[in-house]
Amino acid sequence: MSTITSGRVRSQMTHRCLIERNTQTGTDPQGNALAPTWSTHLSDQACKLWQRPDDEIIDGRRTVVAESIRLVLPVATDVTEADRVNGVTDRRGATVLAGVMNIRSVVKKASHLELSLDGAA
């Protein structure tokens, strides 16, 4: 059984993404959190995006396939579930996936981070 090294995983990261972080702090007079202010946290971040069929929903007249969106990042990347991804491109800048995606989970593997993403925020 071979071990996947972080260098091997990094060589497969043929996409780039923009990761944003909420820089808003504080609360309003009623104690509610203020509306987020999203700022670039990581730009041109090496990554690998893929989508896979996750579930099939049939309502009698039509069938919809729900997809799972995953993103792999280098293991030392500073990213949390409170951040968001704003678009993914290939190395030449062509759009692979447009729009803002929330990060549902960040799972640390031995050689990389695996993010599960939600559609538009």
# chains A, B, ... in the order shown; residues from 1 in each chain; ligands from 1
call {"tool": "residues_around", "arguments": {"residues": "Glu114 of chain A", "least_positions_apart": "4", "cutoff": "9 Å", "atoms": "only C-alpha atoms", "output": "PDB file with N, CA and C atoms, in the first residue's frame"}}
result
ATOM      1  N   ARG A  70     -16.467  19.333  -4.158  1.00  0.00           N
ATOM      2  CA  ARG A  70     -15.297  19.164  -3.288  1.00  0.00           C
ATOM      3  C   ARG A  70     -14.130  19.996  -3.800  1.00  0.00           C
ATOM      4  N   LEU A  71     -13.305  20.431  -2.869  1.00  0.00           N
ATOM      5  CA  LEU A  71     -12.125  21.212  -3.208  1.00  0.00           C
ATOM      6  C   LEU A  71     -10.972  20.720  -2.350  1.00  0.00           C
ATOM      7  N   VAL A  72      -9.840  20.422  -2.980  1.00  0.00           N
ATOM      8  CA  VAL A  72      -8.643  19.990  -2.269  1.00  0.00           C
ATOM      9  C   VAL A  72      -7.649  21.149  -2.259  1.00  0.00           C
ATOM     10  N   LEU A  73      -7.053  21.396  -1.083  1.00  0.00           N
ATOM     11  CA  LEU A  73      -6.064  22.460  -0.895  1.00  0.00           C
ATOM     12  C   LEU A  73      -4.816  21.881  -0.241  1.00  0.00           C
ATOM     13  N   PRO A  74      -3.677  22.578  -0.353  1.00  0.00           N
ATOM     14  CA  PRO A  74      -2.485  22.122   0.368  1.00  0.00           C
ATOM     15  C   PRO A  74      -2.776  22.022   1.869  1.00  0.00           C
ATOM     16  N   VAL A  75      -2.146  21.077   2.524  1.00  0.00           N
ATOM     17  CA  VAL A  75      -2.444  20.763   3.922  1.00  0.00           C
ATOM     18  C   VAL A  75      -2.225  21.942   4.870  1.00  0.00           C
ATOM     19  N   SER A 105     -17.477  22.037   5.313  1.00  0.00           N
ATOM     20  CA  SER A 105     -16.549  21.333   6.206  1.00  0.00           C
ATOM     21  C   SER A 105     -15.136  21.397   5.649  1.00  0.00           C
ATOM     22  N   VAL A 106     -14.172  21.312   6.561  1.00  0.00           N
ATOM     23  CA  VAL A 106     -12.758  21.226   6.217  1.00  0.00           C
ATOM     24  C   VAL A 106     -12.219  19.992   6.927  1.00  0.00           C
ATOM     25  N   VAL A 107     -11.770  19.015   6.140  1.00  0.00           N
ATOM     26  CA  VAL A 107     -11.236  17.777   6.710  1.00  0.00           C
ATOM     27  C   VAL A 107      -9.749  17.713   6.405  1.00  0.00           C
ATOM     28  N   LYS A 108      -8.952  17.586   7.462  1.00  0.00           N
ATOM     29  CA  LYS A 108      -7.503  17.508   7.290  1.00  0.00           C
ATOM     30  C   LYS A 108      -7.092  16.060   7.088  1.00  0.00           C
ATOM     31  N   LYS A 109      -6.486  15.794   5.940  1.00  0.00           N
ATOM     32  CA  LYS A 109      -5.920  14.484   5.623  1.00  0.00           C
ATOM     33  C   LYS A 109      -4.406  14.580   5.836  1.00  0.00           C
TER      34      LYS A 109
END
call {"tool": "closest_atom_pairs", "arguments": {"of": "segment 59-107 of chain A", "to": "segment 37-41 of chain A", "cutoff": "12 Å", "atoms": "only C-alpha atoms", "output": "Markdown table"}}
result
| residue | atom | partner | partner_atom | distance |
| --- | --- | --- | --- | --- |
| A:Thr77 | CA | A:His41 | CA | 10.9 |
| A:Asp78 | CA | A:His41 | CA | 8.9 |
| A:Val79 | CA | A:His41 | CA | 8.8 |
| A:Thr80 | CA | A:His41 | CA | 11.2 |
| A:Ala82 | CA | A:Trp38 | CA | 10.7 |
| A:Asp83 | CA | A:His41 | CA | 8.6 |
| A:Arg84 | CA | A:Trp38 | CA | 8.7 |
| A:Val85 | CA | A:Thr40 | CA | 9.7 |
| A:Asn86 | CA | A:Thr40 | CA | 9.2 |
| A:Gly87 | CA | A:Thr40 | CA | 11.9 |
| A:Val100 | CA | A:Trp38 | CA | 11.0 |
call {"tool": "closest_residue", "arguments": {"among": "A:Asp90, A:Glu67, A:Asp59, A:Glu81", "to": "Glu20 of chain A", "atoms": "only C-alpha atoms"}}
result
A:Glu81
call {"tool": "select_by_dssp", "arguments": {"residues": "chain A", "states": "strand (DSSP E)", "output": "number ranges by chain"}}
result
A: 15-22, 38-58, 63-74, 84-90, 95-108, 112-120
call {"tool": "write_last_selection", "arguments": {"atoms": "C-alpha atoms", "output": "PDB file, in the first residue's frame"}}
result
ATOM      1  CA  HIS A  15      -7.091  24.884 -10.440  1.00  0.00           C
ATOM      2  CA  ARG A  16      -6.895  28.222  -8.635  1.00  0.00           C
ATOM      3  CA  CYS A  17      -9.453  29.746  -6.270  1.00  0.00           C
ATOM      4  CA  LEU A  18     -10.171  32.919  -4.346  1.00  0.00           C
ATOM      5  CA  ILE A  19     -10.879  32.407  -0.651  1.00  0.00           C
ATOM      6  CA  GLU A  20     -12.612  35.202   1.238  1.00  0.00           C
ATOM      7  CA  ARG A  21     -12.823  35.816   4.982  1.00  0.00           C
ATOM      8  CA  ASN A  22     -15.365  37.861   6.925  1.00  0.00           C
ATOM      9  CA  TRP A  38     -15.984  39.728   2.835  1.00  0.00           C
ATOM     10  CA  SER A  39     -12.345  40.461   1.979  1.00  0.00           C
ATOM     11  CA  THR A  40      -9.805  38.499  -0.026  1.00  0.00           C
ATOM     12  CA  HIS A  41      -7.958  36.129   2.290  1.00  0.00           C
ATOM     13  CA  LEU A  42      -6.148  33.950  -0.279  1.00  0.00           C
ATOM     14  CA  SER A  43      -5.983  34.752  -3.977  1.00  0.00           C
ATOM     15  CA  ASP A  44      -4.774  32.475  -6.760  1.00  0.00           C
ATOM     16  CA  GLN A  45      -4.763  29.602  -4.257  1.00  0.00           C
ATOM     17  CA  ALA A  46      -3.706  26.272  -5.791  1.00  0.00           C
ATOM     18  CA  CYS A  47      -6.520  23.727  -5.526  1.00  0.00           C
ATOM     19  CA  LYS A  48      -8.333  20.901  -7.280  1.00  0.00           C
ATOM     20  CA  LEU A  49     -12.108  21.059  -7.711  1.00  0.00           C
ATOM     21  CA  TRP A  50     -14.364  18.182  -8.598  1.00  0.00           C
ATOM     22  CA  GLN A  51     -18.047  17.479  -8.605  1.00  0.00           C
ATOM     23  CA  ARG A  52     -19.678  14.106  -8.281  1.00  0.00           C
ATOM     24  CA  PRO A  53     -23.264  12.890  -8.292  1.00  0.00           C
ATOM     25  CA  ASP A  54     -24.359  12.598  -4.686  1.00  0.00           C
ATOM     26  CA  ASP A  55     -28.044  11.778  -4.679  1.00  0.00           C
ATOM     27  CA  GLU A  56     -30.893  11.253  -7.123  1.00  0.00           C
ATOM     28  CA  ILE A  57     -34.237  12.869  -6.330  1.00  0.00           C
ATOM     29  CA  ILE A  58     -37.317  11.612  -8.174  1.00  0.00           C
ATOM     30  CA  THR A  63     -35.395  13.307 -11.820  1.00  0.00           C
ATOM     31  CA  VAL A  64     -32.805  15.666 -10.352  1.00  0.00           C
ATOM     32  CA  VAL A  65     -29.247  14.622  -9.544  1.00  0.00           C
ATOM     33  CA  ALA A  66     -27.745  16.527  -6.623  1.00  0.00           C
ATOM     34  CA  GLU A  67     -23.998  17.010  -6.916  1.00  0.00           C
ATOM     35  CA  SER A  68     -21.371  17.136  -4.218  1.00  0.00           C
ATOM     36  CA  ILE A  69     -18.760  19.863  -4.729  1.00  0.00           C
ATOM     37  CA  ARG A  70     -15.297  19.164  -3.288  1.00  0.00           C
ATOM     38  CA  LEU A  71     -12.125  21.212  -3.208  1.00  0.00           C
ATOM     39  CA  VAL A  72      -8.643  19.990  -2.269  1.00  0.00           C
ATOM     40  CA  LEU A  73      -6.064  22.460  -0.895  1.00  0.00           C
ATOM     41  CA  PRO A  74      -2.485  22.122   0.368  1.00  0.00           C
ATOM     42  CA  ARG A  84     -15.989  31.093   1.566  1.00  0.00           C
ATOM     43  CA  VAL A  85     -14.754  30.338  -1.964  1.00  0.00           C
ATOM     44  CA  ASN A  86     -15.474  32.922  -4.645  1.00  0.00           C
ATOM     45  CA  GLY A  87     -14.844  31.235  -7.973  1.00  0.00           C
ATOM     46  CA  VAL A  88     -12.462  28.607  -9.321  1.00  0.00           C
ATOM     47  CA  THR A  89     -10.368  28.901 -12.491  1.00  0.00           C
ATOM     48  CA  ASP A  90      -7.841  26.773 -14.295  1.00  0.00           C
ATOM     49  CA  THR A  95     -13.589  29.853 -15.274  1.00  0.00           C
ATOM     50  CA  VAL A  96     -14.189  26.338 -13.972  1.00  0.00           C
ATOM     51  CA  LEU A  97     -16.891  27.259 -11.453  1.00  0.00           C
ATOM     52  CA  ALA A  98     -18.300  30.756 -11.009  1.00  0.00           C
ATOM     53  CA  GLY A  99     -19.953  32.198  -7.951  1.00  0.00           C
ATOM     54  CA  VAL A 100     -19.657  32.171  -4.209  1.00  0.00           C
ATOM     55  CA  MET A 101     -19.684  28.853  -2.329  1.00  0.00           C
ATOM     56  CA  ASN A 102     -19.905  28.360   1.421  1.00  0.00           C
ATOM     57  CA  ILE A 103     -17.484  25.933   3.035  1.00  0.00           C
ATOM     58  CA  ARG A 104     -19.508  23.240   4.831  1.00  0.00           C
ATOM     59  CA  SER A 105     -16.549  21.333   6.206  1.00  0.00           C
ATOM     60  CA  VAL A 106     -12.758  21.226   6.217  1.00  0.00           C
ATOM     61  CA  VAL A 107     -11.236  17.777   6.710  1.00  0.00           C
ATOM     62  CA  LYS A 108      -7.503  17.508   7.290  1.00  0.00           C
ATOM     63  CA  HIS A 112      -4.059  17.755   1.969  1.00  0.00           C
ATOM     64  CA  LEU A 113      -7.238  19.504   3.124  1.00  0.00           C
ATOM     65  CA  GLU A 114     -10.564  18.434   1.641  1.00  0.00           C
ATOM     66  CA  LEU A 115     -13.378  20.976   1.629  1.00  0.00           C
ATOM     67  CA  SER A 116     -17.046  20.268   1.056  1.00  0.00           C
ATOM     68  CA  LEU A 117     -18.763  23.250  -0.586  1.00  0.00           C
ATOM     69  CA  ASP A 118     -22.351  24.465  -0.812  1.00  0.00           C
ATOM     70  CA  GLY A 119     -23.703  26.320  -3.827  1.00  0.00           C
ATOM     71  CA  ALA A 120     -24.153  30.083  -4.011  1.00  0.00           C
TER      72      ALA A 120
END
call {"tool": "select_by_dssp", "arguments": {"residues": "chain A", "states": "helix (DSSP H, G or I)", "output": "number ranges by chain"}}
result
A: 6-11
call {"tool": "atom_distance", "arguments": {"atom1": "atom CA of Pro36 of chain A", "atom2": "atom CA of Gln24 of chain A"}}
result
5.5 Å
call {"tool": "atom_distance", "arguments": {"atom1": "atom CA of Ala94 of chain A", "atom2": "atom CA of Gln12 of chain A"}}
result
17.2 Å
